[in-house]
Amino acid sequence: MVEPTVSAAEHELFGGPLRYDMGWAEHERARLDLNMLSAIRAMPRLVGGTLRRAWSADRPALLAVGVSEIGQGIAAAVSLLAVNVMMHALLGSGTPVDRLYGALPALIAGAVVAVVNAGLAGWSTSRAGRLEPLVERIATTEYLAAATAVELEAIEDPEFRRLIDVAQYGAASARRMISACVAALNGTISLIATAGVLTVLHPALLPMLLLIAAPRGWGAMRVAQERYVSVMTWVEHVRASRLIGNLLTERSAAQEVRIHSVGPFLLDKYKGMAESAEAEQKRLANGKALTELVAAALSGLAMAGTYGVMFWLITAGHMSLAVAGTAVVAVRSGSASLGALVMNVNQLHEESLYVQDHDRFLTEAAGRAIPSGGEPVPRRVEQVVLDKVTYRYPDRDAPALDGVSITLPMGSVTAVVGENGSGKSTLMKVLAGLLLPQSGTVRWGESELTGLDRSQVFDRVALLTQDFQRWPVTAALNIRIGRPDHDAEDEELEPSVDYAGASPVIAKLPHGLRSLLARMFRGASELSGGEWQKIGLARTHWRSSTCPADSVLIVDEPTSALDPEAEIAAFDRIRQLAGPHRAVVLVTHRMSGVRHADTIYVLTQGRLSEHGTHDELIAADGRYAAMFHTQAAQYAPDSRARVPNPSTPPVPDRS
Ligand SMILES: Nc1ncnc2c1ncn2[C@@H]1O[C@H](COP(=O)(O)OP(=O)(O)OP(=O)(O)O)[C@@H](O)[C@H]1O
């Protein structure tokens, strides 16, 4: 395993070296112990996978490639035979002119074969060129579909995220494997043809040919292995460098980059990291040069040995000069074919390592996919209940939720409050069916979440979080995307726009709802944070209003960017969304927004510490009352007297 030097920049920025830990499974390390034999042994399986993809992409094109490559192999054998006939004619008896005339038919045959060969090569290239993008598209689609189908827990699992990262190279490799397969097929057929001719000429020549090519094969395989190990070891480093590069150009960081002079600082770190990556490239290049030199020397020795054997065969009278002439041509073309074949097999092997990552990702993703099927969610449920729910994130020791029970009757507004990190958002993900609790149950009416068709559960949930997605599409689609399979004209979206108080926002846009909301495109418009939140609210309304059955609306900090008037209006509107067939759950730190909720649940460090109405909780004078009074105190006329003083002393001035 390569242990590259760690740059000072990495230490400072990330607290140490960023390296792919190869921790997926023990067989990963075994996989890196590549050698030529194991590569050749794995070849039928790898080629089989590529052919399967190509077969499903375009059968006629694949067949055309196969036929034209076999045709080229036959052409190679025929042209060697023509050379043999020509040699015999040229080195035979008679006057030079007679001998030239004697060689003419073979010469013409060779020319015809060359033309046919060129035609076949062109045909193969055009069909392979058609297959390549199709195969890449199939592999990319498989990758994207698998990534979107896994449980949220998998997406948040750093190990799985790493696999998503490395697997992204697989689709391009699957594409390149097509041309490598074609070239390998071409090389194999040419080689078989040449080997056949050589064996006919003299059986001793065939092993010599293998001896010439073997060192090059070994060299190519070794270089590929080194490169793959290096790429895998450095993948996180490369990603981090790219991240720094992006931060320097991203709009979101642009202000701090300038005002805090983060630009020159990060640029310097970027250079530091690039230098350590360059050192690795240099090490690889030196290793490659040395390996290739040794391989070329050994191959040269084998070539000299071959000519020596031929010399001995001629002088001992075991081989005629004409046969020797053909043999020289055959050995040269055979060793070139074998060399190319080794390179192609090697390329196939290298690409296949990435395709294997892609396939491994697909297998892993299938194991972590959200199960399809299950019982339908009852159309009417009366209430949704979370009963003693416990959830612990895979990389955490303490549970984020510990035995939490809440009941959400249809038609009610429920508020969940609590300090930062108390588990509110996690609770909402469990409620939405995005996370499955390790213990406890979530019930829709009498039906348990685990037995339900999860896609139907998602269908019944509308979710608005404070970091909701701002899609780089038109304003209309940004609303309609709340239920993308429900087609709608712009006019049908108007009630949602009105509901969210977003009409003035849309009116300001150059093309109304048709305006593109994506700064990165020319002519597009950008909204402020609060304006975006209104669009988000409109989207949530659209989703809720297009659900024909009992549903749950979850709003997690929906008003953080709204001005005070808009905030009051938004809380009012959210409350109005509760209807006979809809339960509303509101998560917020704004205590003014929760006081009208039917029930308020207070979470403290993942546990439910109290619940009740606003009046009950104020009367209980517990955690809720304390939070409420603290916030209310800020707005009291004598607030200076009532807001608690900071618990820490002021930060000293360092200048
Ligand atoms: N994806 C995650 N992986 C690991 N731990 C997480 C993850 N998300 C949240 N946590 C942890 O779970 C706990 C609860 O987090 P959660 O986001 O649910 O709290 P919250 O009450 O919504 O906080 P806030 O008010 O700050 O939004 C925290 O300790 C947090 O660090």
# chains A, B, ... in the order shown; residues from 1 in each chain; ligands from 1
$ residues_near_ligand --ligand "ligand 1" --cutoff "7 Å" --atoms "only C-alpha atoms and all ligand atoms" --output "number ranges by chain"
A: 156, 393-396, 400, 418-427, 606
$ write_last_selection --atoms "N, CA and C atoms" --output "PDB file, in the first residue's frame"
ATOM      1  N   GLU A 156     -26.585   8.859   4.621  1.00  0.00           N
ATOM      2  CA  GLU A 156     -25.901   9.577   5.695  1.00  0.00           C
ATOM      3  C   GLU A 156     -24.760   8.760   6.292  1.00  0.00           C
ATOM      4  N   TYR A 393     -28.123   7.141  15.379  1.00  0.00           N
ATOM      5  CA  TYR A 393     -27.392   7.209  14.108  1.00  0.00           C
ATOM      6  C   TYR A 393     -26.254   6.198  14.158  1.00  0.00           C
ATOM      7  N   PRO A 394     -25.955   5.545  13.014  1.00  0.00           N
ATOM      8  CA  PRO A 394     -24.977   4.447  13.019  1.00  0.00           C
ATOM      9  C   PRO A 394     -23.618   4.833  13.612  1.00  0.00           C
ATOM     10  N   ASP A 395     -23.191   6.088  13.389  1.00  0.00           N
ATOM     11  CA  ASP A 395     -21.860   6.456  13.883  1.00  0.00           C
ATOM     12  C   ASP A 395     -21.914   7.151  15.248  1.00  0.00           C
ATOM     13  N   ARG A 396     -23.028   7.044  15.945  1.00  0.00           N
ATOM     14  CA  ARG A 396     -23.142   7.686  17.265  1.00  0.00           C
ATOM     15  C   ARG A 396     -23.364   6.640  18.342  1.00  0.00           C
ATOM     16  N   ALA A 400     -30.296   9.436  19.285  1.00  0.00           N
ATOM     17  CA  ALA A 400     -30.812  10.784  19.038  1.00  0.00           C
ATOM     18  C   ALA A 400     -32.250  10.886  19.542  1.00  0.00           C
ATOM     19  N   GLY A 418     -37.632  22.231  21.447  1.00  0.00           N
ATOM     20  CA  GLY A 418     -36.512  21.682  22.214  1.00  0.00           C
ATOM     21  C   GLY A 418     -35.246  22.396  21.808  1.00  0.00           C
ATOM     22  N   GLU A 419     -34.194  22.247  22.643  1.00  0.00           N
ATOM     23  CA  GLU A 419     -32.960  22.967  22.329  1.00  0.00           C
ATOM     24  C   GLU A 419     -32.266  22.321  21.124  1.00  0.00           C
ATOM     25  N   ASN A 420     -31.188  22.973  20.645  1.00  0.00           N
ATOM     26  CA  ASN A 420     -30.444  22.437  19.506  1.00  0.00           C
ATOM     27  C   ASN A 420     -29.947  21.034  19.810  1.00  0.00           C
ATOM     28  N   GLY A 421     -30.097  20.169  18.831  1.00  0.00           N
ATOM     29  CA  GLY A 421     -29.586  18.801  18.972  1.00  0.00           C
ATOM     30  C   GLY A 421     -30.454  17.919  19.852  1.00  0.00           C
ATOM     31  N   SER A 422     -31.676  18.353  20.191  1.00  0.00           N
ATOM     32  CA  SER A 422     -32.511  17.537  21.089  1.00  0.00           C
ATOM     33  C   SER A 422     -33.218  16.404  20.328  1.00  0.00           C
ATOM     34  N   GLY A 423     -33.152  16.414  18.992  1.00  0.00           N
ATOM     35  CA  GLY A 423     -33.707  15.291  18.237  1.00  0.00           C
ATOM     36  C   GLY A 423     -34.951  15.629  17.423  1.00  0.00           C
ATOM     37  N   LYS A 424     -35.279  16.910  17.298  1.00  0.00           N
ATOM     38  CA  LYS A 424     -36.526  17.290  16.610  1.00  0.00           C
ATOM     39  C   LYS A 424     -36.510  16.854  15.143  1.00  0.00           C
ATOM     40  N   SER A 425     -35.428  17.202  14.448  1.00  0.00           N
ATOM     41  CA  SER A 425     -35.381  16.858  13.012  1.00  0.00           C
ATOM     42  C   SER A 425     -35.351  15.351  12.828  1.00  0.00           C
ATOM     43  N   THR A 426     -34.652  14.661  13.698  1.00  0.00           N
ATOM     44  CA  THR A 426     -34.598  13.196  13.610  1.00  0.00           C
ATOM     45  C   THR A 426     -36.008  12.630  13.785  1.00  0.00           C
ATOM     46  N   LEU A 427     -36.739  13.192  14.739  1.00  0.00           N
ATOM     47  CA  LEU A 427     -38.112  12.731  14.977  1.00  0.00           C
ATOM     48  C   LEU A 427     -38.958  12.915  13.716  1.00  0.00           C
ATOM     49  N   GLY A 606     -33.079  14.080  23.303  1.00  0.00           N
ATOM     50  CA  GLY A 606     -33.645  12.880  22.694  1.00  0.00           C
ATOM     51  C   GLY A 606     -34.814  12.268  23.446  1.00  0.00           C
TER      52      GLY A 606
END
$ select_by_dssp --residues "region 237-444 of chain A" --states "strand (DSSP E or B)" --output "PyMOL selection string"
chain A and resi 369+375+383-391+401-409+413-418+439-444
$ write_last_selection --atoms "N, CA and C atoms" --output "CSV table (one decimal), in the first residue's frame"
chain,number,residue,atom,x,y,z
A,369,ALA,N,-31.6,-0.7,-0.2
A,369,ALA,CA,-32.7,0.0,-0.9
A,369,ALA,C,-34.0,0.0,-0.1
A,375,GLU,N,-48.0,-3.5,2.3
A,375,GLU,CA,-49.5,-3.2,2.4
A,375,GLU,C,-49.8,-1.7,2.0
A,383,GLN,N,-55.4,8.9,13.0
A,383,GLN,CA,-54.2,9.4,13.6
A,383,GLN,C,-52.9,8.7,13.2
A,384,VAL,N,-51.8,9.4,13.3
A,384,VAL,CA,-50.5,8.7,13.1
A,384,VAL,C,-49.8,8.8,14.5
A,385,VAL,N,-49.3,7.6,14.9
A,385,VAL,CA,-48.7,7.5,16.2
A,385,VAL,C,-47.3,7.0,16.2
A,386,LEU,N,-46.5,7.7,17.0
A,386,LEU,CA,-45.1,7.2,17.2
A,386,LEU,C,-45.1,6.7,18.6
A,387,ASP,N,-44.7,5.4,18.7
A,387,ASP,CA,-44.9,4.8,20.0
A,387,ASP,C,-43.5,4.3,20.5
A,388,LYS,N,-43.0,5.0,21.6
A,388,LYS,CA,-41.7,4.6,22.2
A,388,LYS,C,-40.6,4.4,21.2
A,389,VAL,N,-40.4,5.4,20.4
A,389,VAL,CA,-39.5,5.3,19.3
A,389,VAL,C,-38.1,5.6,19.7
A,390,THR,N,-37.1,4.7,19.4
A,390,THR,CA,-35.7,5.0,19.7
A,390,THR,C,-35.0,4.9,18.4
A,391,TYR,N,-34.1,5.9,18.1
A,391,TYR,CA,-33.3,5.9,16.9
A,391,TYR,C,-31.9,6.4,17.3
A,401,LEU,N,-33.0,9.7,19.6
A,401,LEU,CA,-34.3,9.7,20.1
A,401,LEU,C,-34.4,8.5,21.0
A,402,ASP,N,-34.9,8.7,22.2
A,402,ASP,CA,-34.9,7.6,23.2
A,402,ASP,C,-36.3,7.4,23.8
A,403,GLY,N,-37.0,6.5,23.2
A,403,GLY,CA,-38.4,6.1,23.7
A,403,GLY,C,-39.4,7.2,23.6
A,404,VAL,N,-39.4,7.9,22.4
A,404,VAL,CA,-40.3,9.1,22.3
A,404,VAL,C,-41.7,8.6,21.7
A,405,SER,N,-42.8,9.1,22.4
A,405,SER,CA,-44.1,8.8,21.9
A,405,SER,C,-44.9,10.0,21.6
A,406,ILE,N,-45.4,10.2,20.4
A,406,ILE,CA,-46.3,11.3,20.1
A,406,ILE,C,-47.5,10.8,19.3
A,407,THR,N,-48.6,11.5,19.4
A,407,THR,CA,-49.8,11.1,18.7
A,407,THR,C,-50.2,12.4,17.8
A,408,LEU,N,-50.5,12.1,16.5
A,408,LEU,CA,-50.9,13.2,15.7
A,408,LEU,C,-52.3,12.9,15.1
A,409,PRO,N,-53.3,13.4,15.7
A,409,PRO,CA,-54.7,13.2,15.2
A,409,PRO,C,-54.9,14.0,13.9
A,413,VAL,N,-53.0,20.4,15.1
A,413,VAL,CA,-51.6,21.0,14.9
A,413,VAL,C,-50.8,20.7,16.1
A,414,THR,N,-49.7,20.0,15.8
A,414,THR,CA,-48.8,19.6,16.9
A,414,THR,C,-47.5,20.3,16.7
A,415,ALA,N,-47.0,20.8,17.8
A,415,ALA,CA,-45.7,21.5,17.8
A,415,ALA,C,-44.6,20.7,18.5
A,416,VAL,N,-43.4,20.7,18.0
A,416,VAL,CA,-42.3,20.0,18.7
A,416,VAL,C,-41.2,21.1,18.9
A,417,VAL,N,-40.9,21.2,20.2
A,417,VAL,CA,-39.8,22.2,20.5
A,417,VAL,C,-38.7,21.5,21.3
A,418,GLY,N,-37.6,22.2,21.4
A,418,GLY,CA,-36.5,21.7,22.2
A,418,GLY,C,-35.2,22.4,21.8
A,439,SER,N,-36.1,0.7,17.7
A,439,SER,CA,-37.2,0.1,18.5
A,439,SER,C,-38.3,1.0,18.6
A,440,GLY,N,-39.5,0.5,19.0
A,440,GLY,CA,-40.7,1.3,19.0
A,440,GLY,C,-41.4,1.2,17.6
A,441,THR,N,-42.6,1.8,17.5
A,441,THR,CA,-43.3,1.6,16.2
A,441,THR,C,-43.8,3.0,15.8
A,442,VAL,N,-44.1,3.1,14.4
A,442,VAL,CA,-44.8,4.2,13.9
A,442,VAL,C,-46.0,3.6,13.2
A,443,ARG,N,-47.2,4.1,13.6
A,443,ARG,CA,-48.4,3.5,13.1
A,443,ARG,C,-49.3,4.5,12.3
A,444,TRP,N,-49.7,4.1,11.1
A,444,TRP,CA,-50.7,4.9,10.4
A,444,TRP,C,-52.0,4.2,10.6
$ select_by_dssp --residues "region 377-429 of chain A" --states "alpha helix (DSSP H)" --output "PyMOL selection string"
chain A and resi 424-429
$ write_last_selection --atoms "C-alpha atoms" --output "PDB file, in the first residue's frame"
ATOM      1  CA  LYS A 424     -36.526  17.290  16.610  1.00  0.00           C
ATOM      2  CA  SER A 425     -35.381  16.858  13.012  1.00  0.00           C
ATOM      3  CA  THR A 426     -34.598  13.196  13.610  1.00  0.00           C
ATOM      4  CA  LEU A 427     -38.112  12.731  14.977  1.00  0.00           C
ATOM      5  CA  MET A 428     -39.524  14.303  11.812  1.00  0.00           C
ATOM      6  CA  LYS A 429     -37.450  11.956   9.608  1.00  0.00           C
TER       7      LYS A 429
END
$ residues_around --residues "Ala538 (chain A)" --least-positions-apart "6" --cutoff "7 Å" --atoms "only C-alpha atoms" --output "list in words"
Ile479, Ser496, Val497, Tyr499 and Ala500 of chain A
$ write_last_selection --atoms "N, CA and C atoms" --output "tab-separated table (two decimals), in the first residue's frame"
chain	number	residue	atom	x	y	z
A	479	ILE	N	-42.60	24.96	-7.64
A	479	ILE	CA	-43.79	24.70	-6.82
A	479	ILE	C	-44.36	23.33	-7.17
A	496	SER	N	-51.81	27.98	-4.53
A	496	SER	CA	-50.64	27.70	-3.67
A	496	SER	C	-49.78	28.95	-3.53
A	497	VAL	N	-49.64	29.69	-4.65
A	497	VAL	CA	-48.85	30.93	-4.60
A	497	VAL	C	-49.51	31.92	-3.65
A	499	TYR	N	-51.64	31.28	-1.24
A	499	TYR	CA	-51.61	30.76	0.12
A	499	TYR	C	-50.29	31.13	0.80
A	500	ALA	N	-49.18	30.99	0.05
A	500	ALA	CA	-47.86	31.21	0.66
A	500	ALA	C	-47.50	32.68	0.73
$ closest_residue --among "A:His629, A:Ala220, A:Glu136, A:Glu382" --to "Ala289 (chain A)" --atoms "only C-alpha atoms"
A:Ala220
$ atom_distance --atom1 "CA of Gln631 (chain A)" --atom2 "CA of Ala583 (chain A)"
26.8 Å
$ closest_residue --among "A:Ala366, A:Ala274, A:Ala626, A:Ala118" --to "Ala9 (chain A)" --atoms "only C-alpha atoms"
A:Ala274
$ residues_around --residues "Ile481 (chain A)" --least-positions-apart "6" --cutoff "10 Å" --atoms "only C-alpha atoms" --output "count of residues only"
8
$ closest_residue --among "A:Pro504, A:Gly196, A:Pro378, A:Pro399" --to "Gln605 (chain A)" --atoms "only C-alpha atoms"
A:Pro399
$ atom_distance --atom1 "CA of Ser528 (chain A)" --atom2 "CA of Val555 (chain A)"
19.7 Å
$ atom_distance --atom1 "CA of Gly411 (chain A)" --atom2 "CA of Arg582 (chain A)"
5.4 Å
$ residues_around --residues "region 63-77 of chain A" --least-positions-apart "5" --cutoff "6 Å" --atoms "only C-alpha atoms" --output "list in words"
Val113, Asn117, Leu120, Ser124, Asn186, Ile189, Ser190 and Ala193 of chain A
$ write_last_selection --atoms "N, CA and C atoms" --output "PDB file, in the first residue's frame"
ATOM      1  N   VAL A 113      -6.759  -7.838 -49.632  1.00  0.00           N
ATOM      2  CA  VAL A 113      -7.010  -8.147 -48.212  1.00  0.00           C
ATOM      3  C   VAL A 113      -6.875  -6.879 -47.373  1.00  0.00           C
ATOM      4  N   ASN A 117      -9.722  -5.356 -45.102  1.00  0.00           N
ATOM      5  CA  ASN A 117      -9.407  -5.160 -43.687  1.00  0.00           C
ATOM      6  C   ASN A 117      -9.754  -3.743 -43.235  1.00  0.00           C
ATOM      7  N   LEU A 120     -13.486  -3.374 -42.947  1.00  0.00           N
ATOM      8  CA  LEU A 120     -14.008  -4.036 -41.740  1.00  0.00           C
ATOM      9  C   LEU A 120     -13.680  -3.214 -40.486  1.00  0.00           C
ATOM     10  N   SER A 124     -16.348  -1.726 -37.826  1.00  0.00           N
ATOM     11  CA  SER A 124     -16.266  -2.044 -36.395  1.00  0.00           C
ATOM     12  C   SER A 124     -16.197  -0.756 -35.565  1.00  0.00           C
ATOM     13  N   ASN A 186      -9.794  -8.071 -31.330  1.00  0.00           N
ATOM     14  CA  ASN A 186      -9.011  -7.923 -32.551  1.00  0.00           C
ATOM     15  C   ASN A 186      -7.631  -8.540 -32.367  1.00  0.00           C
ATOM     16  N   ILE A 189      -7.749 -12.430 -32.141  1.00  0.00           N
ATOM     17  CA  ILE A 189      -7.968 -13.119 -33.421  1.00  0.00           C
ATOM     18  C   ILE A 189      -6.735 -12.999 -34.316  1.00  0.00           C
ATOM     19  N   SER A 190      -6.137 -11.795 -34.351  1.00  0.00           N
ATOM     20  CA  SER A 190      -4.917 -11.624 -35.166  1.00  0.00           C
ATOM     21  C   SER A 190      -3.827 -12.548 -34.653  1.00  0.00           C
ATOM     22  N   ALA A 193      -4.391 -16.108 -35.621  1.00  0.00           N
ATOM     23  CA  ALA A 193      -4.064 -16.270 -37.041  1.00  0.00           C
ATOM     24  C   ALA A 193      -2.548 -16.341 -37.226  1.00  0.00           C
TER      25      ALA A 193
END
